[in-house]
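Structure file final38.cif (mmCIF, C-alpha atoms) follows.
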data_target
#
loop_
_atom_site.label_atom_id
_atom_site.label_comp_id
_atom_site.auth_asym_id
_atom_site.auth_seq_id
_atom_site.Cartn_x
_atom_site.Cartn_y
_atom_site.Cartn_z
CA MET E 139 163.67 162.91 64.83
CA THR E 140 165.63 161.70 67.88
CA GLU E 141 164.86 158.42 69.60
CA THR E 142 163.53 160.32 72.65
CA THR E 143 161.23 162.46 70.53
CA SER E 144 159.98 159.39 68.65
CA SER E 145 159.30 157.63 71.96
CA ASN E 146 157.36 160.64 73.27
CA ARG E 147 155.21 160.83 70.16
CA THR E 148 154.48 157.10 70.35
CA ARG E 149 153.43 157.64 73.99
CA LEU E 150 151.15 160.47 72.90
CA GLY E 151 149.66 158.29 70.17
CA ARG E 152 148.50 155.70 72.69
CA ARG E 153 146.43 158.38 74.42
CA ILE E 154 144.55 159.68 71.35
CA ILE E 155 141.31 158.83 69.61
CA VAL E 156 140.36 160.86 66.52
CA ALA E 157 136.70 161.42 65.62
CA VAL E 158 135.78 162.36 62.05
CA PRO E 159 132.02 162.91 61.62
CA ALA E 160 130.99 162.52 57.99
CA LEU E 161 127.94 162.49 55.74
CA ASN E 162 128.26 162.18 51.97
CA GLU E 163 131.88 163.30 51.87
CA ALA E 164 133.10 161.07 49.04
CA GLY E 165 134.84 164.01 47.41
CA PHE E 166 136.85 164.87 50.53
CA ILE E 167 137.14 161.95 52.97
CA ALA E 168 140.14 160.21 51.38
CA ASP E 169 142.19 163.41 51.23
CA CYS E 170 141.19 164.24 54.79
CA LEU E 171 142.22 160.86 56.22
CA SER E 172 145.41 160.70 54.17
CA SER E 173 146.45 164.14 55.38
CA LEU E 174 146.02 162.98 58.98
CA GLY E 175 148.92 160.59 58.47
CA LEU E 176 147.37 157.20 59.13
CA ASP E 177 150.35 155.50 57.48
CA ALA E 178 153.06 157.33 59.46
CA PRO E 179 155.00 155.05 61.84
CA ASP E 180 154.40 157.28 64.86
CA MET E 181 150.64 157.26 64.19
CA ALA E 182 150.21 153.49 64.44
CA GLU E 183 148.93 153.73 68.04
CA VAL E 184 146.37 156.46 67.28
CA ILE E 185 142.79 155.26 66.79
CA PHE E 186 140.84 156.91 63.96
CA VAL E 187 137.05 156.62 63.84
CA VAL E 188 134.82 157.95 61.08
CA ALA E 189 131.28 158.40 62.42
CA ASP E 190 129.15 158.12 59.29
CA GLY E 191 125.65 159.57 59.36
CA GLY E 192 124.26 157.26 56.67
CA SER E 193 126.08 158.40 53.55
CA THR E 194 124.39 157.54 50.28
CA ASP E 195 127.44 158.27 48.12
CA ALA E 196 130.75 156.36 48.10
CA THR E 197 131.94 157.66 51.49
CA ARG E 198 131.53 154.35 53.33
CA ASP E 199 133.10 152.34 50.51
CA ILE E 200 136.15 154.61 50.54
CA ILE E 201 136.57 154.27 54.31
CA GLU E 202 136.11 150.50 54.28
CA ASP E 203 138.64 150.15 51.47
CA MET E 204 141.19 152.29 53.35
CA ALA E 205 140.58 150.33 56.56
CA LYS E 206 141.62 147.04 54.91
CA THR E 207 145.27 148.05 55.18
CA ARG E 208 144.97 150.32 58.21
CA PRO E 209 143.96 148.44 61.38
CA ASN E 210 143.72 151.69 63.36
CA LEU E 211 140.95 153.07 61.09
CA HIS E 212 137.36 152.24 62.06
CA LEU E 213 133.89 153.02 60.69
CA LEU E 214 131.13 153.76 63.20
CA ASP E 215 127.45 154.21 62.38
CA ASN E 216 125.89 157.49 63.47
CA PRO E 217 122.12 156.98 63.08
CA ALA E 218 121.45 160.45 64.50
CA ARG E 219 123.30 161.83 61.44
CA LEU E 220 124.39 165.09 63.12
CA GLN E 221 128.08 165.91 63.66
CA SER E 222 127.47 166.53 67.35
CA ALA E 223 126.00 163.07 67.84
CA GLY E 224 128.77 161.50 65.77
CA VAL E 225 131.56 162.95 67.92
CA ASN E 226 129.67 161.96 71.07
CA ALA E 227 129.30 158.41 69.76
CA VAL E 228 133.05 158.13 69.23
CA ALA E 229 133.80 159.55 72.67
CA GLN E 230 131.45 157.06 74.32
CA SER E 231 132.43 154.03 72.23
CA SER E 232 134.47 151.07 73.42
CA LEU E 233 137.20 152.23 71.04
CA ALA E 234 137.78 155.20 73.35
CA GLU E 235 138.47 153.08 76.42
CA GLY E 236 141.90 153.87 77.85
CA ARG E 237 142.23 157.02 75.75
CA GLU E 238 142.75 160.44 77.31
CA VAL E 239 142.67 162.84 74.35
CA LEU E 240 139.80 163.28 71.89
CA VAL E 241 140.70 164.95 68.60
CA ARG E 242 137.89 166.15 66.34
CA CYS E 243 138.62 166.52 62.64
CA ASP E 244 136.42 167.82 59.84
CA ALA E 245 135.96 165.64 56.76
CA HIS E 246 135.78 168.83 54.66
CA ALA E 247 139.36 169.78 55.54
CA VAL E 248 142.96 168.70 55.04
CA TYR E 249 145.58 168.79 57.75
CA PRO E 250 149.33 169.45 57.98
CA ALA E 251 151.80 166.66 58.75
CA GLY E 252 151.96 165.76 62.43
CA PHE E 253 148.74 167.63 63.22
CA VAL E 254 147.18 165.05 65.55
CA LEU E 255 150.28 164.43 67.67
CA ASP E 256 151.13 168.13 67.76
CA LEU E 257 147.63 168.81 69.08
CA ALA E 258 148.05 166.32 71.91
CA ALA E 259 151.41 167.86 72.77
CA SER E 260 149.86 171.35 72.78
CA LEU E 261 147.01 170.18 75.03
CA GLU E 262 149.55 168.73 77.45
CA ALA E 263 151.86 171.76 77.41
CA SER E 264 149.10 174.38 77.77
CA GLU E 265 147.34 172.48 80.59
CA ALA E 266 144.10 173.56 78.92
CA ALA E 267 140.84 171.63 78.77
CA SER E 268 140.69 172.11 75.02
CA VAL E 269 142.90 173.24 72.15
CA VAL E 270 141.42 175.04 69.17
CA VAL E 271 143.17 175.92 65.93
CA ALA E 272 143.17 178.48 63.14
CA MET E 273 141.44 177.78 59.84
CA ASP E 274 142.72 178.88 56.45
CA ALA E 275 139.90 178.75 53.93
CA ALA E 276 140.36 177.43 50.39
CA GLY E 277 138.11 176.67 47.44
CA LYS E 278 137.93 174.24 44.56
CA SER E 279 135.36 176.05 42.39
CA CYS E 280 135.82 179.65 41.29
CA PHE E 281 132.96 180.73 43.55
CA ALA E 282 134.48 178.85 46.51
CA LYS E 283 137.83 180.54 45.95
CA GLY E 284 136.21 183.96 46.11
CA ALA E 285 134.34 182.94 49.26
CA ALA E 286 137.54 181.60 50.83
CA TRP E 287 139.46 184.80 50.15
CA ILE E 288 136.81 187.01 51.76
CA VAL E 289 135.80 184.80 54.71
CA ASP E 290 139.17 185.13 56.43
CA THR E 291 138.92 188.94 56.46
CA PRO E 292 137.09 190.98 59.14
CA LEU E 293 134.33 191.56 56.57
CA GLY E 294 133.69 187.84 56.35
CA SER E 295 134.35 186.60 59.87
CA GLY E 296 133.91 189.68 62.03
CA GLY E 297 137.41 189.23 63.38
CA ALA E 298 136.87 185.73 64.84
CA SER E 299 140.21 184.68 66.32
CA HIS E 300 140.28 181.24 64.67
CA ARG E 301 139.58 182.58 61.16
CA GLY E 302 143.06 183.19 59.83
CA GLY E 303 144.30 184.22 63.29
CA ARG E 304 148.07 184.39 63.90
CA GLN E 305 148.31 184.84 67.68
CA SER E 306 148.30 181.94 70.15
CA ARG E 307 146.34 182.76 73.31
CA PHE E 308 143.51 181.67 75.57
CA VAL E 309 140.11 182.32 73.98
CA ASP E 310 136.41 181.85 74.69
CA HIS E 311 135.82 179.85 71.51
CA GLY E 312 137.55 178.55 68.41
CA HIS E 313 137.54 175.80 65.82
CA HIS E 314 137.46 172.59 67.82
CA ALA E 315 140.43 170.26 67.65
CA ALA E 316 141.48 168.50 70.89
CA PHE E 317 139.82 167.84 74.24
CA ASP E 318 140.55 166.30 77.57
CA LEU E 319 138.37 163.24 76.92
CA ALA E 320 137.36 162.68 80.54
CA LEU E 321 136.18 166.31 80.85
CA PHE E 322 134.38 166.15 77.50
CA ARG E 323 132.46 163.14 78.78
CA ALA E 324 131.84 164.69 82.20
CA LEU E 325 130.18 167.70 80.57
CA GLY E 326 127.97 165.42 78.48
CA GLY E 327 129.83 166.10 75.24
CA TYR E 328 128.08 168.11 72.59
CA ASP E 329 124.39 168.88 72.84
CA PRO E 330 123.15 166.18 70.41
CA GLU E 331 120.19 168.32 69.34
CA PHE E 332 122.48 170.94 67.81
CA SER E 333 123.03 170.50 64.08
CA HIS E 334 125.31 173.56 63.98
CA ASN E 335 127.23 175.66 66.51
CA GLU E 336 127.57 172.67 68.81
CA ASP E 337 131.21 173.67 69.29
CA ALA E 338 130.43 177.17 70.60
CA GLU E 339 127.66 175.81 72.80
CA PHE E 340 130.07 173.29 74.33
CA ASP E 341 132.67 176.02 74.85
CA ARG E 342 130.05 178.05 76.71
CA ARG E 343 129.51 175.20 79.16
CA LEU E 344 133.22 174.45 79.38
CA GLY E 345 134.02 178.06 80.26
CA ALA E 346 131.27 178.11 82.88
CA GLU E 347 132.98 175.17 84.59
CA GLY E 348 136.34 176.94 84.58
CA GLY E 349 137.81 175.04 81.63
CA ARG E 350 140.37 177.00 79.61
CA ILE E 351 140.58 176.96 75.80
CA TRP E 352 143.96 177.46 74.13
CA LEU E 353 144.15 178.73 70.55
CA ASP E 354 147.33 177.30 69.05
CA ALA E 355 147.82 179.49 65.98
CA GLY E 356 150.83 177.40 64.95
CA LEU E 357 148.50 174.49 64.20
CA ARG E 358 146.44 175.29 61.15
CA LEU E 359 144.08 173.45 58.85
CA THR E 360 142.83 174.11 55.36
CA TYR E 361 139.04 174.23 55.18
CA PHE E 362 137.20 173.99 51.84
CA MET E 363 134.33 176.41 51.30
CA ARG E 364 131.06 175.33 49.70
CA ALA E 365 131.22 175.19 45.92
CA THR E 366 128.00 177.09 45.10
CA PRO E 367 126.09 180.13 46.41
CA TRP E 368 123.16 177.89 47.37
CA GLY E 369 125.40 175.52 49.33
CA LEU E 370 127.00 178.45 51.15
CA ALA E 371 123.60 180.03 51.86
CA ARG E 372 122.27 176.84 53.42
CA GLN E 373 125.43 176.45 55.53
CA TYR E 374 125.37 180.02 56.85
CA TYR E 375 121.63 179.95 57.45
CA ASN E 376 122.24 176.98 59.72
CA TYR E 377 125.20 178.75 61.33
CA GLY E 378 122.94 181.68 62.19
CA ARG E 379 120.27 179.38 63.63
CA GLY E 380 122.86 177.51 65.67
CA ARG E 381 124.48 180.63 67.12
CA MET E 382 121.12 182.13 68.09
CA ARG E 383 120.08 178.82 69.63
CA THR E 384 123.21 178.88 71.80
CA LEU E 385 122.52 182.45 72.91
CA LEU E 386 118.92 181.63 73.77
CA LYS E 387 119.83 178.44 75.62
CA HIS E 388 122.26 180.22 77.92
CA GLY E 389 120.56 183.61 78.08
CA ASP E 390 123.60 185.39 76.64
CA ARG E 391 123.74 188.71 74.84
CA PRO E 392 124.98 188.57 71.25
CA LYS E 393 128.25 190.27 70.40
CA LEU E 394 128.29 193.20 67.99
CA ARG E 395 129.76 191.11 65.16
CA GLN E 396 126.93 188.62 65.63
CA MET E 397 124.29 191.33 65.33
CA LEU E 398 125.68 192.95 62.20
CA PRO E 399 124.35 190.29 59.76
CA VAL E 400 120.90 190.64 61.34
CA ALA E 401 121.10 194.41 61.03
CA LEU E 402 122.22 194.20 57.40
CA LEU E 403 119.33 191.90 56.54
CA GLY E 404 116.91 194.26 58.25
CA ILE E 405 118.32 197.28 56.42
CA CYS E 406 118.03 195.53 53.05
CA VAL E 407 114.45 194.37 53.64
CA LEU E 408 113.28 197.76 54.94
CA SER E 409 115.09 199.57 52.14
CA LEU E 410 113.41 197.42 49.49
CA LEU E 411 109.99 197.91 51.07
CA ALA E 412 110.51 201.67 51.42
CA GLY E 413 111.66 201.94 47.82
CA LEU E 414 108.77 199.92 46.49
CA LEU E 415 105.97 201.29 48.68
CA ILE E 416 106.98 204.81 49.66
CA HIS E 417 109.64 206.49 47.51
CA PRO E 418 112.57 205.39 45.31
CA VAL E 419 114.96 207.11 47.73
CA GLY E 420 114.23 204.20 50.04
CA PHE E 421 116.39 201.99 47.82
CA LEU E 422 119.50 203.85 49.04
CA GLY E 423 120.02 201.36 51.87
CA VAL E 424 120.18 198.29 49.65
CA ILE E 425 122.12 200.21 47.00
CA GLY E 426 124.70 201.23 49.59
CA TYR E 427 125.13 197.65 50.76
CA GLY E 428 125.40 196.50 47.15
CA LEU E 429 128.21 199.01 46.57
CA ILE E 430 130.07 197.62 49.58
CA LEU E 431 129.81 194.13 48.12
CA LEU E 432 130.94 195.41 44.73
CA CYS E 433 133.97 197.06 46.32
CA ALA E 434 134.77 193.80 48.11
CA SER E 435 134.73 191.97 44.77
CA VAL E 436 136.95 194.51 43.03
CA TRP E 437 139.33 194.61 45.99
CA MET E 438 139.66 190.84 46.11
CA MET E 439 140.18 190.53 42.36
CA ALA E 440 142.93 193.16 42.53
CA ARG E 441 144.47 191.55 45.61
CA THR E 442 144.58 188.03 44.16
CA GLY E 443 144.98 188.82 40.48
CA SER E 444 142.21 186.32 39.72
CA PRO E 445 138.79 186.92 38.18
CA CYS E 446 137.45 184.48 40.78
CA GLY E 447 137.86 187.35 43.22
CA LEU E 448 134.75 188.90 41.70
CA TRP E 449 132.74 186.22 43.48
CA ALA E 450 133.93 187.55 46.86
CA GLY E 451 131.21 190.19 47.12
CA VAL E 452 128.51 187.70 46.13
CA ALA E 453 129.78 185.23 48.73
CA LEU E 454 129.96 187.96 51.37
CA GLY E 455 126.35 188.95 50.76
CA VAL E 456 125.26 185.32 50.87
CA MET E 457 127.06 184.77 54.18
CA HIS E 458 125.76 187.94 55.82
CA LEU E 459 122.12 187.67 54.76
CA SER E 460 121.81 183.91 55.22
CA TRP E 461 123.34 184.06 58.69
CA GLY E 462 121.00 186.90 59.62
CA ALA E 463 117.96 185.04 58.29
CA GLY E 464 118.86 181.92 60.23
CA ALA E 465 119.36 183.87 63.45
CA LEU E 466 116.03 185.64 63.08
CA GLN E 467 114.24 182.41 62.24
CA MET E 468 115.54 180.76 65.41
CA ARG E 469 114.82 183.83 67.55
CA PHE E 470 111.19 184.29 66.52
CA ILE E 471 110.07 180.91 65.17
CA GLY E 472 112.44 178.47 66.85
CA SER E 473 112.87 174.90 65.67
CA ARG E 474 109.46 174.76 64.00
#
Rendering of file as structure tokens:
Amino acid sequence: MTETTSSNRTRLGRRIIVAVPALNEAGFIADCLSSLGLDAPDMAEVIFVVADGGSTDATRDIIEDMAKTRPNLHLLDNPARLQSAGVNAVAQSSLAEGREVLVRCDAHAVYPAGFVLDLAASLEASEAASVVVAMDAAGKSCFAKGAAWIVDTPLGSGGASHRGGRQSRFVDHGHHAAFDLALFRALGGYDPEFSHNEDAEFDRRLGAEGGRIWLDAGLRLTYFMRATPWGLARQYYNYGRGRMRTLLKHGDRPKLRQMLPVALLGICVLSLLAGLLIHPVGFLGVIGYGLILLCASVWMMARTGSPCGLWAGVALGVMHLSWGAGALQMRFIGSR
């Protein structure tokens, strides 16, 4: 690294505050923070803040221990517990005074070297209001590996640009990474009532105000999928609720890929009812969907050479049906 480049990165560092919302992330938080390069010389001017939502595991102890030798690492209480409120709290805190760039990082992920400074440079070069990045899913359990392999395919993500995407371009939405801090504040930050999909809801408001969002496909993170089917089901149920809540709030029409999980859930329920109450031929709908999931499992096992690939179809079904159930619950029952 040349002296000029080093000086530029130090200048960038003085402009950045990093928000890491966390809740019971003892198994991930140390790896996440270490991957962000807190100990790198050119990161000394960057402020890192973990907004903890009241963890009952060792998360806080790990952060406090790391902070003893890292003066730029801070722990902030987030009594509202939600990620949206945690990021807002960091953006509005005294620690953010004099900062121009807000970087959001996920405690459930690990990041490549130089990620934070590269983000700030990308935000500056693109002249965008926000920079989003591509996610490459990974898993620690066998089930999570199968889920990770299938989620980055069109079957799992519906072709979302930030899920394994390889093309840098302006987009309507992506996985949140960096913001113009002043604009983030001016728009009120995230809606603090959103437990999920707060990023897409913010992007909807940002776009309405003429803010542009740049997907930098050269900046990638590794995201760890939930370890169990139940954990994945709960996550995607909340994803479905959050997406539908965003659509309802702004009066938007859902995209085709957002309606497919709802349609699949409806087909499965109607098929089961028809098979049970009318005629066995009614089961053809759910049988057909089951065969698709089976093919996904066999395909992923053959593609990866791992028996964990057999979990791909199970994970796909969990994601589809849970997302659809969450969307329907929000549409017809709401937050009750």
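With all atoms listed in the file as the atoms that count, the minimum distance from Tyr249 (chain E) to the choices E:Met457, E:Ala315, E:Leu261, E:Ile405 is reached by E:Ala315.
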Separation of CA of Leu422 (chain E) from CA of Ala401 (chain E), in Å and rounded to one decimal: 15.3 Å
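Pairwise distance (CA of Gly165 (chain E), CA of Tyr361 (chain E)) equals 13.5 Å.
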The PyMOL selection byres ((chain E and resi 234-246) around 7) applied to the shown file, residues as a VMD selection string: chain E and resid 153 to 160 163 166 to 167 170 228 to 233 247 258 314 to 320 361 to 362
Matched chain/residue IDs from the PyMOL selection byres ((chain E and resi 178-181) around 7), as number ranges by chain: E: 147-148, 151, 175-177, 182-184
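Taking CA of Asn376 (chain E) and CA of Asn335 (chain E) as endpoints, the distance between them is 8.5 Å.
With only C-alpha atoms as the atoms that count, the residue of E:Gly345, E:Pro445, E:Gly462, E:Gly428 with the shortest distance to Leu403 (chain E) is E:Gly462.
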Ile201 (chain E) environment, 10 Å, all atoms listed in the file, sequence neighbours closer than 4 positions dropped, as a ChimeraX atom specification: /E:164,167-168,171,187-188,190,196-197,205-206,211-213
Next, dump the selected residues to file, keeping only C-alpha atoms, as a CSV table (one decimal), in the frame of the given file.
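Ended up saving to out37.csv:
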chain,number,residue,atom,x,y,z
E,164,ALA,CA,133.1,161.1,49.0
E,167,ILE,CA,137.1,162.0,53.0
E,168,ALA,CA,140.1,160.2,51.4
E,171,LEU,CA,142.2,160.9,56.2
E,187,VAL,CA,137.0,156.6,63.8
E,188,VAL,CA,134.8,158.0,61.1
E,190,ASP,CA,129.2,158.1,59.3
E,196,ALA,CA,130.8,156.4,48.1
E,197,THR,CA,131.9,157.7,51.5
E,205,ALA,CA,140.6,150.3,56.6
E,206,LYS,CA,141.6,147.0,54.9
E,211,LEU,CA,141.0,153.1,61.1
E,212,HIS,CA,137.4,152.2,62.1
E,213,LEU,CA,133.9,153.0,60.7
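Of the listed residues (E:Arg350, E:Arg208, E:Lys387, E:Arg441), E:Arg350 comes nearest to Ser268 (chain E); the distances count only C-alpha atoms.
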Distance query Ser193 (chain E) at most 7 Å, all atoms listed in the file, self and fewer than 4 positions along chain excluded, as a ChimeraX atom specification: /E:161-162,197-198
The PyMOL selection byres ((chain E and resi 427) around 12) applied to the shown file, residues as a PyMOL selection string: chain E and resi 399+401-407+409-410+421-426+428-434+451-452+454-455+458-459
Take the residues from that selection and put them in a file with C-alpha atoms, as an mmCIF file, in the frame of the given file.
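So the final result, stored in result09.cif, reads:
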data_model
loop_
_atom_site.group_PDB
_atom_site.id
_atom_site.type_symbol
_atom_site.label_atom_id
_atom_site.label_comp_id
_atom_site.auth_asym_id
_atom_site.auth_seq_id
_atom_site.Cartn_x
_atom_site.Cartn_y
_atom_site.Cartn_z
ATOM 1 C CA PRO E 399 124.350 190.290 59.760
ATOM 2 C CA ALA E 401 121.100 194.410 61.030
ATOM 3 C CA LEU E 402 122.220 194.200 57.400
ATOM 4 C CA LEU E 403 119.330 191.900 56.540
ATOM 5 C CA GLY E 404 116.910 194.260 58.250
ATOM 6 C CA ILE E 405 118.320 197.280 56.420
ATOM 7 C CA CYS E 406 118.030 195.530 53.050
ATOM 8 C CA VAL E 407 114.450 194.370 53.640
ATOM 9 C CA SER E 409 115.090 199.570 52.140
ATOM 10 C CA LEU E 410 113.410 197.420 49.490
ATOM 11 C CA PHE E 421 116.390 201.990 47.820
ATOM 12 C CA LEU E 422 119.500 203.850 49.040
ATOM 13 C CA GLY E 423 120.020 201.360 51.870
ATOM 14 C CA VAL E 424 120.180 198.290 49.650
ATOM 15 C CA ILE E 425 122.120 200.210 47.000
ATOM 16 C CA GLY E 426 124.700 201.230 49.590
ATOM 17 C CA GLY E 428 125.400 196.500 47.150
ATOM 18 C CA LEU E 429 128.210 199.010 46.570
ATOM 19 C CA ILE E 430 130.070 197.620 49.580
ATOM 20 C CA LEU E 431 129.810 194.130 48.120
ATOM 21 C CA LEU E 432 130.940 195.410 44.730
ATOM 22 C CA CYS E 433 133.970 197.060 46.320
ATOM 23 C CA ALA E 434 134.770 193.800 48.110
ATOM 24 C CA GLY E 451 131.210 190.190 47.120
ATOM 25 C CA VAL E 452 128.510 187.700 46.130
ATOM 26 C CA LEU E 454 129.960 187.960 51.370
ATOM 27 C CA GLY E 455 126.350 188.950 50.760
ATOM 28 C CA HIS E 458 125.760 187.940 55.820
ATOM 29 C CA LEU E 459 122.120 187.670 54.760
#
Shell of 9 Å around Gly472 (chain E), all atoms listed in the file, local chain residues under 4 positions omitted, as JSON, numbers by chain: {"E": [379, 383, 466, 467, 468]}
Residue with smallest distance to Cys446 (chain E) - pool E:Met382, E:Ala286, E:Cys280, E:Met397, counting all atoms listed in the file: E:Cys280
Using all atoms listed in the file: which of E:Leu359, E:Leu394, E:Asp203, E:Arg469 has the shortest distance to Gly378 (chain E): E:Arg469
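Residue neighbourhood of Gly380 (chain E), excluding near-sequence residues (fewer than 4 positions): E:Phe332, E:Ser333, E:His334, E:Asn335, E:Glu336, E:Glu339, E:Tyr375, E:Asn376, E:Thr384, E:Leu385, E:Gly464, E:Ala465, E:Met468, at 9 Å, using all atoms listed in the file.
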